[in-house]
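protein_25.cif, holding mmCIF, C-alpha atoms and all ligand atoms:
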```cif
data_work
#
loop_
_atom_site.label_atom_id
_atom_site.label_comp_id
_atom_site.auth_asym_id
_atom_site.auth_seq_id
_atom_site.Cartn_x
_atom_site.Cartn_y
_atom_site.Cartn_z
CA MET J 1378 22.79 45.59 40.10
CA PRO J 1379 22.42 42.00 38.76
CA LEU J 1380 19.64 40.06 40.45
CA ASP J 1381 20.57 36.71 41.91
CA LEU J 1382 18.02 34.18 40.62
CA SER J 1383 19.51 31.34 42.65
CA ARG J 1384 18.36 33.11 45.82
CA PHE J 1385 14.80 33.69 44.59
CA ASP J 1386 11.89 31.63 45.92
CA LEU J 1387 8.24 32.59 45.55
CA ASN J 1388 7.63 31.49 49.13
CA ARG J 1389 10.27 33.90 50.45
CA ILE J 1390 9.65 37.11 48.56
CA ASP J 1391 10.62 40.44 50.10
CA ALA J 1392 9.30 44.01 50.20
CA GLU J 1393 11.43 44.97 47.18
CA PHE J 1394 9.65 42.34 45.05
CA ILE J 1395 6.26 43.57 46.20
CA GLU J 1396 7.22 47.17 45.38
CA ASP J 1397 8.37 46.35 41.85
CA PRO J 1398 8.41 42.67 40.81
CA HIS J 1399 9.23 43.33 37.16
CA PRO J 1400 13.06 43.44 37.11
CA LEU J 1401 13.01 39.95 38.60
CA LEU J 1402 10.10 38.70 36.53
CA HIS J 1403 11.86 39.76 33.30
CA ARG J 1404 14.92 37.74 34.34
CA LEU J 1405 12.83 34.70 35.27
CA ARG J 1406 10.89 34.82 32.00
CA ALA J 1407 14.07 35.06 29.93
CA GLU J 1408 16.24 32.60 31.89
CA LYS J 1409 14.03 30.25 33.92
CA PRO J 1410 10.50 30.38 32.52
CA ILE J 1411 9.65 27.30 34.59
CA PHE J 1412 11.14 28.25 37.94
CA HIS J 1413 11.27 25.55 40.62
CA ASN J 1414 10.55 26.70 44.18
CA ALA J 1415 12.06 24.84 47.13
CA ASP J 1416 8.66 23.25 47.98
CA GLY J 1417 8.45 21.53 44.56
CA SER J 1418 5.97 23.97 43.04
CA VAL J 1419 6.76 25.83 39.81
CA TYR J 1420 6.37 29.49 38.89
CA LEU J 1421 5.54 30.26 35.23
CA THR J 1422 6.31 33.64 33.71
CA ARG J 1423 5.71 33.27 29.94
CA HIS J 1424 2.41 34.35 28.40
CA ALA J 1425 2.13 31.23 26.18
CA ASP J 1426 2.78 28.85 29.10
CA CYS J 1427 0.28 30.58 31.42
CA LEU J 1428 -2.33 30.61 28.65
CA LYS J 1429 -1.91 26.88 28.01
CA VAL J 1430 -2.30 26.09 31.71
CA TYR J 1431 -5.48 28.16 31.95
CA GLN J 1432 -6.96 26.60 28.83
CA SER J 1433 -6.27 23.00 29.83
CA ARG J 1434 -9.14 20.99 31.37
CA ASP J 1435 -6.52 18.87 33.17
CA MET J 1436 -5.33 21.73 35.37
CA LEU J 1437 -7.27 21.68 38.62
CA SER J 1438 -8.41 24.48 40.91
CA ASP J 1439 -9.55 22.34 43.87
CA LYS J 1440 -7.40 23.34 46.85
CA THR J 1441 -8.85 21.12 49.59
CA GLU J 1442 -5.55 19.41 50.19
CA ALA J 1443 -3.24 22.41 49.71
CA PHE J 1444 -5.38 24.59 51.98
CA GLY J 1445 -5.64 21.74 54.51
CA GLU J 1446 -1.86 21.90 54.89
CA LYS J 1447 -1.80 25.68 54.87
CA PHE J 1448 -4.72 26.51 57.18
CA GLY J 1449 -5.68 23.30 59.02
CA ARG J 1450 -9.41 22.95 59.72
CA CYS J 1451 -10.68 26.47 60.36
CA PRO J 1452 -13.16 29.02 58.93
CA LEU J 1453 -10.62 30.16 56.29
CA HIS J 1454 -10.33 26.57 55.08
CA THR J 1455 -14.11 26.19 54.85
CA HIS J 1456 -14.41 29.49 53.01
CA HIS J 1457 -11.71 29.02 50.42
CA THR J 1458 -12.58 25.38 49.69
CA THR J 1459 -16.29 26.14 49.22
CA SER J 1460 -16.06 29.17 46.92
CA LEU J 1461 -16.35 28.40 43.22
CA ILE J 1462 -12.93 29.72 42.32
CA PHE J 1463 -11.16 26.91 44.19
CA ASN J 1464 -13.34 24.11 42.85
CA ASP J 1465 -13.60 22.04 39.69
CA PRO J 1466 -16.65 20.77 37.80
CA PRO J 1467 -19.28 19.59 38.61
CA TYR J 1468 -19.61 21.81 41.75
CA HIS J 1469 -17.88 24.74 40.01
CA THR J 1470 -20.35 24.50 37.10
CA VAL J 1471 -23.39 24.62 39.40
CA VAL J 1472 -22.30 27.77 41.24
CA ARG J 1473 -21.00 29.48 38.10
CA ARG J 1474 -24.30 28.93 36.23
CA LEU J 1475 -26.29 30.33 39.14
CA ILE J 1476 -24.14 33.44 39.42
CA SER J 1477 -23.70 34.10 35.72
CA GLY J 1478 -27.44 34.66 35.21
CA ALA J 1479 -27.01 37.90 37.13
CA PHE J 1480 -24.03 39.09 35.06
CA THR J 1481 -25.49 39.00 31.55
CA PRO J 1482 -24.80 42.03 29.31
CA ARG J 1483 -28.50 42.98 29.60
CA LYS J 1484 -28.38 42.99 33.40
CA LEU J 1485 -25.13 44.94 33.34
CA ALA J 1486 -26.58 47.53 30.98
CA GLU J 1487 -29.18 48.19 33.69
CA PHE J 1488 -26.36 48.95 36.10
CA GLU J 1489 -24.67 51.60 33.98
CA PRO J 1490 -26.86 54.52 35.12
CA LEU J 1491 -26.46 53.37 38.72
CA ILE J 1492 -22.68 53.26 38.35
CA ALA J 1493 -22.60 56.68 36.69
CA GLY J 1494 -24.75 58.12 39.50
CA ILE J 1495 -22.50 56.74 42.22
CA VAL J 1496 -19.38 57.95 40.38
CA ASP J 1497 -20.74 61.49 39.99
CA ARG J 1498 -21.75 61.64 43.64
CA LEU J 1499 -18.27 60.51 44.67
CA LEU J 1500 -16.62 62.97 42.30
CA ASP J 1501 -18.60 65.83 43.87
CA ARG J 1502 -17.08 64.79 47.17
CA VAL J 1503 -13.60 64.58 45.65
CA GLU J 1504 -14.04 68.14 44.35
CA ASP J 1505 -15.14 69.40 47.77
CA LEU J 1506 -12.17 67.71 49.44
CA GLY J 1507 -9.62 69.00 46.93
CA THR J 1508 -6.82 67.09 48.67
CA LEU J 1509 -7.57 63.46 49.48
CA ASP J 1510 -6.51 59.86 49.60
CA LEU J 1511 -7.59 58.41 46.27
CA ILE J 1512 -8.07 54.91 47.69
CA GLU J 1513 -9.95 55.78 50.86
CA ASP J 1514 -12.05 58.59 49.43
CA PHE J 1515 -12.78 57.28 45.94
CA ALA J 1516 -11.42 53.98 44.63
CA LYS J 1517 -12.74 51.69 47.32
CA VAL J 1518 -16.19 53.20 47.65
CA LEU J 1519 -17.53 52.60 44.13
CA PRO J 1520 -17.04 48.81 43.82
CA THR J 1521 -18.22 48.28 47.39
CA GLU J 1522 -21.43 50.16 46.63
CA ILE J 1523 -22.05 48.25 43.39
CA ILE J 1524 -21.45 44.73 44.63
CA SER J 1525 -23.32 45.48 47.87
CA PHE J 1526 -26.27 46.64 45.80
CA MET J 1527 -26.15 43.48 43.69
CA LEU J 1528 -26.14 41.31 46.79
CA GLY J 1529 -28.46 43.54 48.82
CA ILE J 1530 -26.00 44.23 51.67
CA PRO J 1531 -27.56 46.80 54.02
CA GLU J 1532 -25.83 50.21 54.31
CA GLU J 1533 -24.68 49.66 57.89
CA HIS J 1534 -22.41 46.74 56.95
CA ARG J 1535 -20.78 48.23 53.87
CA ALA J 1536 -17.96 50.10 55.64
CA GLN J 1537 -16.60 46.85 57.10
CA LEU J 1538 -16.35 45.07 53.76
CA ARG J 1539 -12.86 46.10 52.68
CA GLY J 1540 -11.33 45.12 56.02
CA TYR J 1541 -12.97 41.68 55.81
CA SER J 1542 -11.94 41.31 52.21
CA LEU J 1543 -8.26 42.13 52.79
CA ALA J 1544 -8.13 39.84 55.83
CA ILE J 1545 -9.63 36.90 53.91
CA LEU J 1546 -7.72 37.41 50.66
CA GLY J 1547 -4.48 38.23 52.51
CA ALA J 1548 -4.44 34.63 53.79
CA LEU J 1549 -3.91 33.49 50.18
CA ASP J 1550 -0.41 34.98 49.97
CA PRO J 1551 2.39 32.43 49.65
CA VAL J 1552 3.62 33.28 53.17
CA VAL J 1553 1.07 34.09 55.90
CA PRO J 1554 2.09 35.19 59.40
CA PRO J 1555 -0.03 33.74 62.28
CA GLU J 1556 -1.67 37.07 63.12
CA ARG J 1557 -2.94 37.33 59.54
CA LEU J 1558 -4.48 33.85 59.85
CA THR J 1559 -6.25 34.92 63.04
CA GLU J 1560 -7.60 38.05 61.36
CA GLY J 1561 -8.71 36.03 58.31
CA ASN J 1562 -10.56 33.48 60.44
CA ARG J 1563 -12.30 36.19 62.41
CA ALA J 1564 -13.31 37.94 59.18
CA VAL J 1565 -14.86 34.75 57.75
CA GLU J 1566 -16.85 34.19 60.95
CA GLU J 1567 -18.14 37.75 61.31
CA PHE J 1568 -18.85 38.23 57.63
CA GLY J 1569 -20.45 34.76 57.46
CA ALA J 1570 -22.80 35.56 60.35
CA ILE J 1571 -23.97 38.78 58.67
CA LEU J 1572 -24.60 36.98 55.37
CA SER J 1573 -26.32 34.04 57.01
CA ASP J 1574 -28.83 36.41 58.62
CA LEU J 1575 -29.32 38.18 55.32
CA ILE J 1576 -29.93 34.91 53.47
CA ASP J 1577 -32.47 33.79 56.10
CA PHE J 1578 -34.24 37.13 55.74
CA ARG J 1579 -34.35 36.76 51.94
CA ARG J 1580 -35.68 33.22 52.18
CA ARG J 1581 -38.55 34.50 54.33
CA ASN J 1582 -39.11 37.49 52.03
CA PRO J 1583 -38.53 36.15 48.52
CA GLU J 1584 -40.40 38.87 46.62
CA GLY J 1585 -37.23 40.98 46.57
CA ALA J 1586 -36.82 44.36 44.99
CA HIS J 1587 -34.27 45.02 42.22
CA GLN J 1588 -31.65 45.35 44.95
CA GLY J 1589 -30.05 42.03 45.91
CA GLU J 1590 -30.90 40.29 42.66
CA VAL J 1591 -27.69 38.26 42.60
CA LEU J 1592 -28.39 36.92 46.06
CA GLU J 1593 -31.86 35.87 44.98
CA SER J 1594 -30.64 33.91 42.00
CA LEU J 1595 -28.15 32.15 44.25
CA ILE J 1596 -30.73 31.27 46.90
CA PHE J 1597 -33.61 30.27 44.66
CA GLY J 1598 -31.83 29.26 41.46
CA GLU J 1599 -31.36 25.62 40.50
CA HIS J 1600 -28.93 23.90 38.17
CA GLU J 1601 -30.03 20.41 37.10
CA GLY J 1602 -32.26 20.17 40.17
CA ARG J 1603 -29.49 21.17 42.59
CA ARG J 1604 -29.75 24.18 44.92
CA LEU J 1605 -26.93 25.60 47.03
CA THR J 1606 -26.79 24.70 50.73
CA GLN J 1607 -26.65 27.45 53.36
CA GLU J 1608 -22.88 26.98 53.78
CA GLU J 1609 -22.31 27.09 50.02
CA LEU J 1610 -24.44 30.23 49.79
CA VAL J 1611 -22.64 32.04 52.59
CA GLN J 1612 -19.14 31.20 51.37
CA ASN J 1613 -19.87 32.06 47.74
CA CYS J 1614 -21.42 35.38 48.74
CA ILE J 1615 -18.31 36.20 50.77
CA PHE J 1616 -16.27 35.31 47.72
CA LEU J 1617 -18.36 37.46 45.39
CA LEU J 1618 -18.14 40.44 47.68
CA ASN J 1619 -14.37 40.07 47.90
CA ALA J 1620 -13.88 39.38 44.19
CA GLY J 1621 -16.18 42.24 43.31
CA HIS J 1622 -14.49 45.03 45.14
CA GLU J 1623 -10.82 44.55 46.09
CA THR J 1624 -9.66 44.01 42.50
CA THR J 1625 -11.72 46.88 41.11
CA THR J 1626 -10.44 49.23 43.83
CA SER J 1627 -6.96 48.26 42.67
CA LEU J 1628 -7.82 48.84 39.02
CA VAL J 1629 -8.88 52.42 39.78
CA GLY J 1630 -5.96 53.13 42.16
CA ASN J 1631 -3.34 51.57 39.90
CA ALA J 1632 -4.70 53.48 36.89
CA ILE J 1633 -4.37 56.86 38.60
CA GLY J 1634 -0.88 55.89 39.82
CA LEU J 1635 0.07 55.03 36.22
CA LEU J 1636 -1.33 58.29 34.86
CA LEU J 1637 0.77 60.19 37.41
CA ASP J 1638 3.84 58.23 36.27
CA TRP J 1639 3.16 58.76 32.56
CA PRO J 1640 2.18 62.45 32.13
CA ASP J 1641 2.26 62.25 28.32
CA GLN J 1642 -0.35 59.46 28.43
CA HIS J 1643 -2.39 61.46 30.94
CA ARG J 1644 -2.36 64.45 28.57
CA LEU J 1645 -3.37 62.19 25.67
CA LEU J 1646 -6.35 60.79 27.57
CA LEU J 1647 -7.42 64.28 28.57
CA ALA J 1648 -7.22 65.50 24.99
CA GLU J 1649 -8.82 62.39 23.48
CA PRO J 1650 -11.24 60.81 25.99
CA GLY J 1651 -12.30 58.26 23.36
CA HIS J 1652 -9.19 56.25 24.30
CA ILE J 1653 -10.69 55.27 27.65
CA ASP J 1654 -11.57 51.69 26.64
CA THR J 1655 -8.06 50.82 25.43
CA ALA J 1656 -6.61 52.79 28.36
CA VAL J 1657 -8.49 50.56 30.86
CA GLU J 1658 -7.07 47.46 29.12
CA GLU J 1659 -3.57 48.95 29.36
CA PHE J 1660 -3.98 49.71 33.09
CA LEU J 1661 -5.12 46.11 33.60
CA ARG J 1662 -2.12 44.80 31.68
CA LEU J 1663 0.61 46.91 33.28
CA GLU J 1664 -0.58 46.66 36.87
CA SER J 1665 -2.78 43.58 37.02
CA PRO J 1666 -4.80 43.63 40.26
CA LEU J 1667 -4.43 39.86 40.57
CA GLN J 1668 -0.78 39.01 39.94
CA ILE J 1669 -0.53 35.28 40.65
CA GLY J 1670 -2.83 32.34 39.90
CA ASN J 1671 -2.60 28.67 40.87
CA ARG J 1672 -3.45 25.30 39.42
CA LEU J 1673 -2.62 21.70 40.28
CA ALA J 1674 -1.50 19.60 37.30
CA GLY J 1675 -4.05 16.76 37.11
CA GLU J 1676 -2.03 15.30 34.20
CA ASP J 1677 1.39 15.95 32.68
CA ILE J 1678 1.29 19.14 30.65
CA ALA J 1679 3.66 19.94 27.76
CA LEU J 1680 4.36 23.67 27.63
CA ALA J 1681 6.55 25.50 25.11
CA SER J 1682 9.09 25.95 27.92
CA GLY J 1683 9.08 22.29 29.08
CA VAL J 1684 6.94 19.50 30.51
CA ILE J 1685 5.36 19.82 33.96
CA PRO J 1686 4.55 16.46 35.55
CA LYS J 1687 1.17 15.46 36.97
CA GLY J 1688 0.82 16.40 40.63
CA THR J 1689 2.90 19.61 40.38
CA TYR J 1690 1.53 22.72 42.05
CA ILE J 1691 1.71 25.56 39.49
CA HIS J 1692 1.89 29.32 40.14
CA THR J 1693 1.11 31.40 37.06
CA SER J 1694 2.55 34.90 37.02
CA ILE J 1695 -0.19 36.96 35.43
CA ALA J 1696 2.01 40.02 36.04
CA ALA J 1697 4.93 38.56 34.06
CA ALA J 1698 2.72 37.14 31.28
CA ASN J 1699 1.23 40.60 30.78
CA ARG J 1700 4.68 42.07 30.13
CA ASP J 1701 5.99 39.30 27.92
CA PRO J 1702 7.89 40.94 25.02
CA GLU J 1703 6.86 38.04 22.74
CA VAL J 1704 3.28 39.33 22.92
CA PHE J 1705 3.55 43.01 23.90
CA PRO J 1706 6.05 45.21 22.03
CA ASP J 1707 7.95 47.48 24.45
CA PRO J 1708 6.13 45.80 27.35
CA ASP J 1709 7.08 48.17 30.19
CA ARG J 1710 5.86 51.23 28.32
CA MET J 1711 2.34 52.48 28.91
CA ASP J 1712 0.47 53.02 25.66
CA ILE J 1713 -3.18 53.83 26.25
CA THR J 1714 -3.90 53.17 22.55
CA ARG J 1715 -2.29 49.69 22.57
CA LYS J 1716 -4.23 47.33 20.31
CA PRO J 1717 -4.32 44.37 20.26
CA ASN J 1718 -3.83 43.93 23.98
CA ARG J 1719 -4.05 40.23 24.77
CA HIS J 1720 -3.47 40.61 28.51
CA ILE J 1721 -4.70 37.90 30.87
CA ALA J 1722 -5.64 40.07 33.86
CA PHE J 1723 -9.01 38.23 33.89
CA ILE J 1724 -7.33 34.95 32.81
CA THR J 1725 -9.05 32.62 30.32
CA GLY J 1726 -10.62 29.14 30.43
CA ILE J 1727 -13.48 27.86 32.59
CA HIS J 1728 -12.61 30.13 35.54
CA VAL J 1729 -12.37 33.31 33.44
CA CYS J 1730 -13.44 36.23 35.64
CA LEU J 1731 -17.23 36.37 35.84
CA GLY J 1732 -17.11 40.06 36.71
CA ALA J 1733 -14.81 41.15 33.86
CA THR J 1734 -17.52 43.08 32.01
CA LEU J 1735 -18.72 44.73 35.19
CA ALA J 1736 -15.14 45.66 36.17
CA ARG J 1737 -14.52 47.14 32.71
CA VAL J 1738 -17.72 49.19 32.88
CA GLU J 1739 -16.84 50.45 36.37
CA GLY J 1740 -13.28 51.26 35.23
CA ARG J 1741 -14.42 53.06 32.09
CA ILE J 1742 -17.01 55.20 33.86
CA ALA J 1743 -15.01 55.94 37.02
CA LEU J 1744 -11.67 56.66 35.36
CA GLY J 1745 -13.10 58.39 32.29
CA ARG J 1746 -15.12 60.82 34.38
CA PHE J 1747 -12.38 61.33 36.97
CA VAL J 1748 -9.74 62.26 34.36
CA GLN J 1749 -11.99 64.70 32.48
CA ARG J 1750 -13.24 66.39 35.60
CA PHE J 1751 -9.86 66.87 37.32
CA PRO J 1752 -7.21 67.81 34.75
CA LYS J 1753 -4.96 69.26 37.48
CA LEU J 1754 -4.27 65.93 39.14
CA ALA J 1755 -1.09 65.91 41.30
CA GLN J 1756 0.42 63.61 43.90
CA THR J 1757 0.84 65.21 47.34
CA GLY J 1758 2.61 62.56 49.42
CA GLU J 1759 4.15 59.08 49.51
CA ARG J 1760 2.18 56.22 47.97
CA SER J 1761 2.07 52.93 49.83
CA ARG J 1762 1.30 49.52 48.38
CA VAL J 1763 -1.00 46.87 49.81
CA PRO J 1764 1.74 44.57 51.24
CA LEU J 1765 0.64 41.44 49.34
CA ALA J 1766 2.32 39.58 46.50
CA ARG J 1767 -0.83 38.13 44.98
CA PHE J 1768 -2.85 41.34 44.83
CA ARG J 1769 -1.39 44.55 43.42
CA GLY J 1770 -2.93 47.78 44.59
CA TYR J 1771 -2.29 50.87 46.67
CA ALA J 1772 -3.13 51.08 50.36
CA SER J 1773 -2.86 54.85 50.05
CA LEU J 1774 -2.35 57.36 47.23
CA PRO J 1775 -2.49 61.00 48.38
CA ILE J 1776 -3.50 63.42 45.64
CA SER J 1777 -4.75 66.91 44.98
CA VAL J 1778 -7.22 67.73 42.20
CA ARG J 1779 -7.03 71.53 42.34
C1 LIG J 1801 -10.36 44.64 37.74
C2 LIG J 1801 -11.13 43.83 38.39
C3 LIG J 1801 -11.01 42.33 38.42
C4 LIG J 1801 -9.95 41.52 38.13
C5 LIG J 1801 -8.55 41.93 37.68
C6 LIG J 1801 -10.39 40.15 38.31
C7 LIG J 1801 -9.61 39.04 38.08
C8 LIG J 1801 -10.04 37.73 38.19
C9 LIG J 1801 -9.23 36.56 37.90
C10 LIG J 1801 -7.78 36.59 37.42
C11 LIG J 1801 -10.00 35.46 38.11
C12 LIG J 1801 -9.60 33.99 37.92
C13 LIG J 1801 -8.88 33.40 39.10
C14 LIG J 1801 -8.47 31.96 38.88
O1 LIG J 1801 -9.30 31.08 38.61
O2 LIG J 1801 -7.28 31.68 39.02
C15 LIG J 1801 -11.29 35.92 38.56
C16 LIG J 1801 -12.35 35.10 38.88
C17 LIG J 1801 -13.57 35.56 39.30
N1 LIG J 1801 -13.97 36.89 39.39
FE1 LIG J 1801 -12.89 38.51 38.96
N2 LIG J 1801 -11.70 40.16 38.71
C18 LIG J 1801 -12.13 41.47 38.78
C19 LIG J 1801 -13.39 41.91 39.12
C20 LIG J 1801 -14.44 41.12 39.43
C21 LIG J 1801 -15.77 41.59 39.75
C22 LIG J 1801 -16.22 43.05 39.73
C23 LIG J 1801 -16.51 40.47 40.05
C24 LIG J 1801 -17.95 40.33 40.47
C25 LIG J 1801 -18.72 41.22 40.89
C26 LIG J 1801 -15.66 39.32 39.89
C27 LIG J 1801 -16.05 38.01 40.07
C28 LIG J 1801 -15.27 36.91 39.82
C29 LIG J 1801 -15.74 35.53 40.01
C30 LIG J 1801 -17.13 35.11 40.47
C31 LIG J 1801 -14.66 34.70 39.68
C32 LIG J 1801 -14.62 33.18 39.75
C33 LIG J 1801 -14.91 32.57 38.42
C34 LIG J 1801 -14.77 31.06 38.42
O3 LIG J 1801 -14.06 30.49 39.25
O4 LIG J 1801 -15.42 30.46 37.57
N3 LIG J 1801 -14.42 39.75 39.51
N4 LIG J 1801 -11.29 37.31 38.58
#
```

Give the structure from this file in structure tokens form.
Ligand code: HEM
Amino acid sequence: MPLDLSRFDLNRIDAEFIEDPHPLLHRLRAEKPIFHNADGSVYLTRHADCLKVYQSRDMLSDKTEAFGEKFGRCPLHTHHTTSLIFNDPPYHTVVRRLISGAFTPRKLAEFEPLIAGIVDRLLDRVEDLGTLDLIEDFAKVLPTEIISFMLGIPEEHRAQLRGYSLAILGALDPVVPPERLTEGNRAVEEFGAILSDLIDFRRRNPEGAHQGEVLESLIFGEHEGRRLTQEELVQNCIFLLNAGHETTTSLVGNAIGLLLDWPDQHRLLLAEPGHIDTAVEEFLRLESPLQIGNRLAGEDIALASGVIPKGTYIHTSIAAANRDPEVFPDPDRMDITRKPNRHIAFITGIHVCLGATLARVEGRIALGRFVQRFPKLAQTGERSRVPLARFRGYASLPISVR
């Protein structure tokens, strides 16, 4: 059935779009690569245009004004306007420098045995269960454990993290019902209180163990003589915890969903496990955990598809860019050996994902070991998607491994 582009608006998307956005995204990319929403914002779907926006220093991430209109003054507003992702230099540079010290390749190499240990422990449980929900029983546990370890979150708080994360990130969707705002505000307050206590404890006990190293560099680190305030610390820790687990949970869940949909590729990965690195890139491309980005044009920007004037609010469709036939031959087909694979699931430019290497390591270890250990993977019930446009992942994926 032909899709009616004149009725599309990013601020009024429906369940069908969330289920499978690609029929519409292909049409937009081919016919209206700069799509104008009713509120004056634009939605970009071509790889080259999205790339140029991300690489331009004139495209701004500061959302103080946009979130002021969306949220009013409330905890969600404080959170999202204080985290580094929604800020520009110089504040963005200060926080990014402090965090990035903890994400160097050397530091990450230290985490590999830890990740492998957690994965194997979880896989033992998967084997015992036999029939399980991949998301609940596997995908969400690993990233929560890793990022909690890096920030030193005590065991008793870890189970609450995904609920907080979904409530806070859910408020970023283009359309947010009032009950979701209430949940998001409550999550920021509760999560903030836990972190504030933890930060106070760390300040009083600075000689920390290996656990919680990221938190220590945030509390005690300085960039050009500037330290983070308590509010900046709390909000950026909330952000790190959210960034560090929701997207990686989706990477693992989406990957298993894709392998179920593409049995020939599943068989190939089983037969030739050496393809795991390119397979992870292909999972990230086809089902990008973060589907939409935003920037405000601080200056006019000339894209291949047209000029966008200064002051325009831009939505970049990472999902559409990653299936652009100009860059990816046969873009809807899964090819776990695809190379090159210039997807922008982690974007590019000054806000390029700080956790990309960690996410890749987690994906490689978790998915590589899962696939080899359970060759008899089968789906046992209906899958359901997380009902958000910005984040693509499964809420539930029932499987059997016997
Ligand atoms: C598959 C998993 C992941 C995906 C797809 C992903 C994707 C992204 C994307 C697209 C951005 C840029 C957003 C923007 O500016 O518009 C971003 C930023 C960021 N990500 Fe990730 N991410 C993942 C995992 C992680 C992990 C594991 C961590 C940390 C533990 C992390 C930490 C961050 C941070 C700190 C930023 C902000 C960087 C900045 O503003 O300078 N991410 N991520």

Exercise for review: Quote the spacing between CA of Gly1770 in chain J and CA of Asn1631 in chain J in Å to one decimal place.
Suggested key: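 Those two atoms sit 6.0 Å apart.
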
Point to revise | Length of the CA of Phe1526 in chain J to CA of Glu1623 in chain J vector [Å] | key: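 Answer for the CA of Phe1526 in chain J to CA of Glu1623 in chain J separation: 15.6 Å.
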
**Study point:** CA of Ile1395 in chain J to CA of Phe1705 in chain J, distance in Å rounded to a single decimal
**Key:** 22.5 Å

**Study point:** Selected residue of minimal separation from Leu1628 in chain J among J:Val1503, J:Ala1516, J:Leu1401, J:Leu1511, counting all atoms listed in the file
**Key:**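 Answer, going by the shortest atom-to-atom distance: J:Ala1516.
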
Check your understanding: If we count all atoms listed in the file, what is near range 1611-1621 of chain J at a cut-off of 10 Å, once residues fewer than 5 positions away on the same chain are taken out, given as a PyMOL selection string?
Key -> chain J and resi 1452-1453+1455-1462+1472+1476+1520-1521+1523-1525+1527-1528+1530+1538-1539+1541-1543+1545-1546+1564-1565+1568-1576+1591-1592+1595-1596+1605-1606+1626+1730-1733+1735-1736
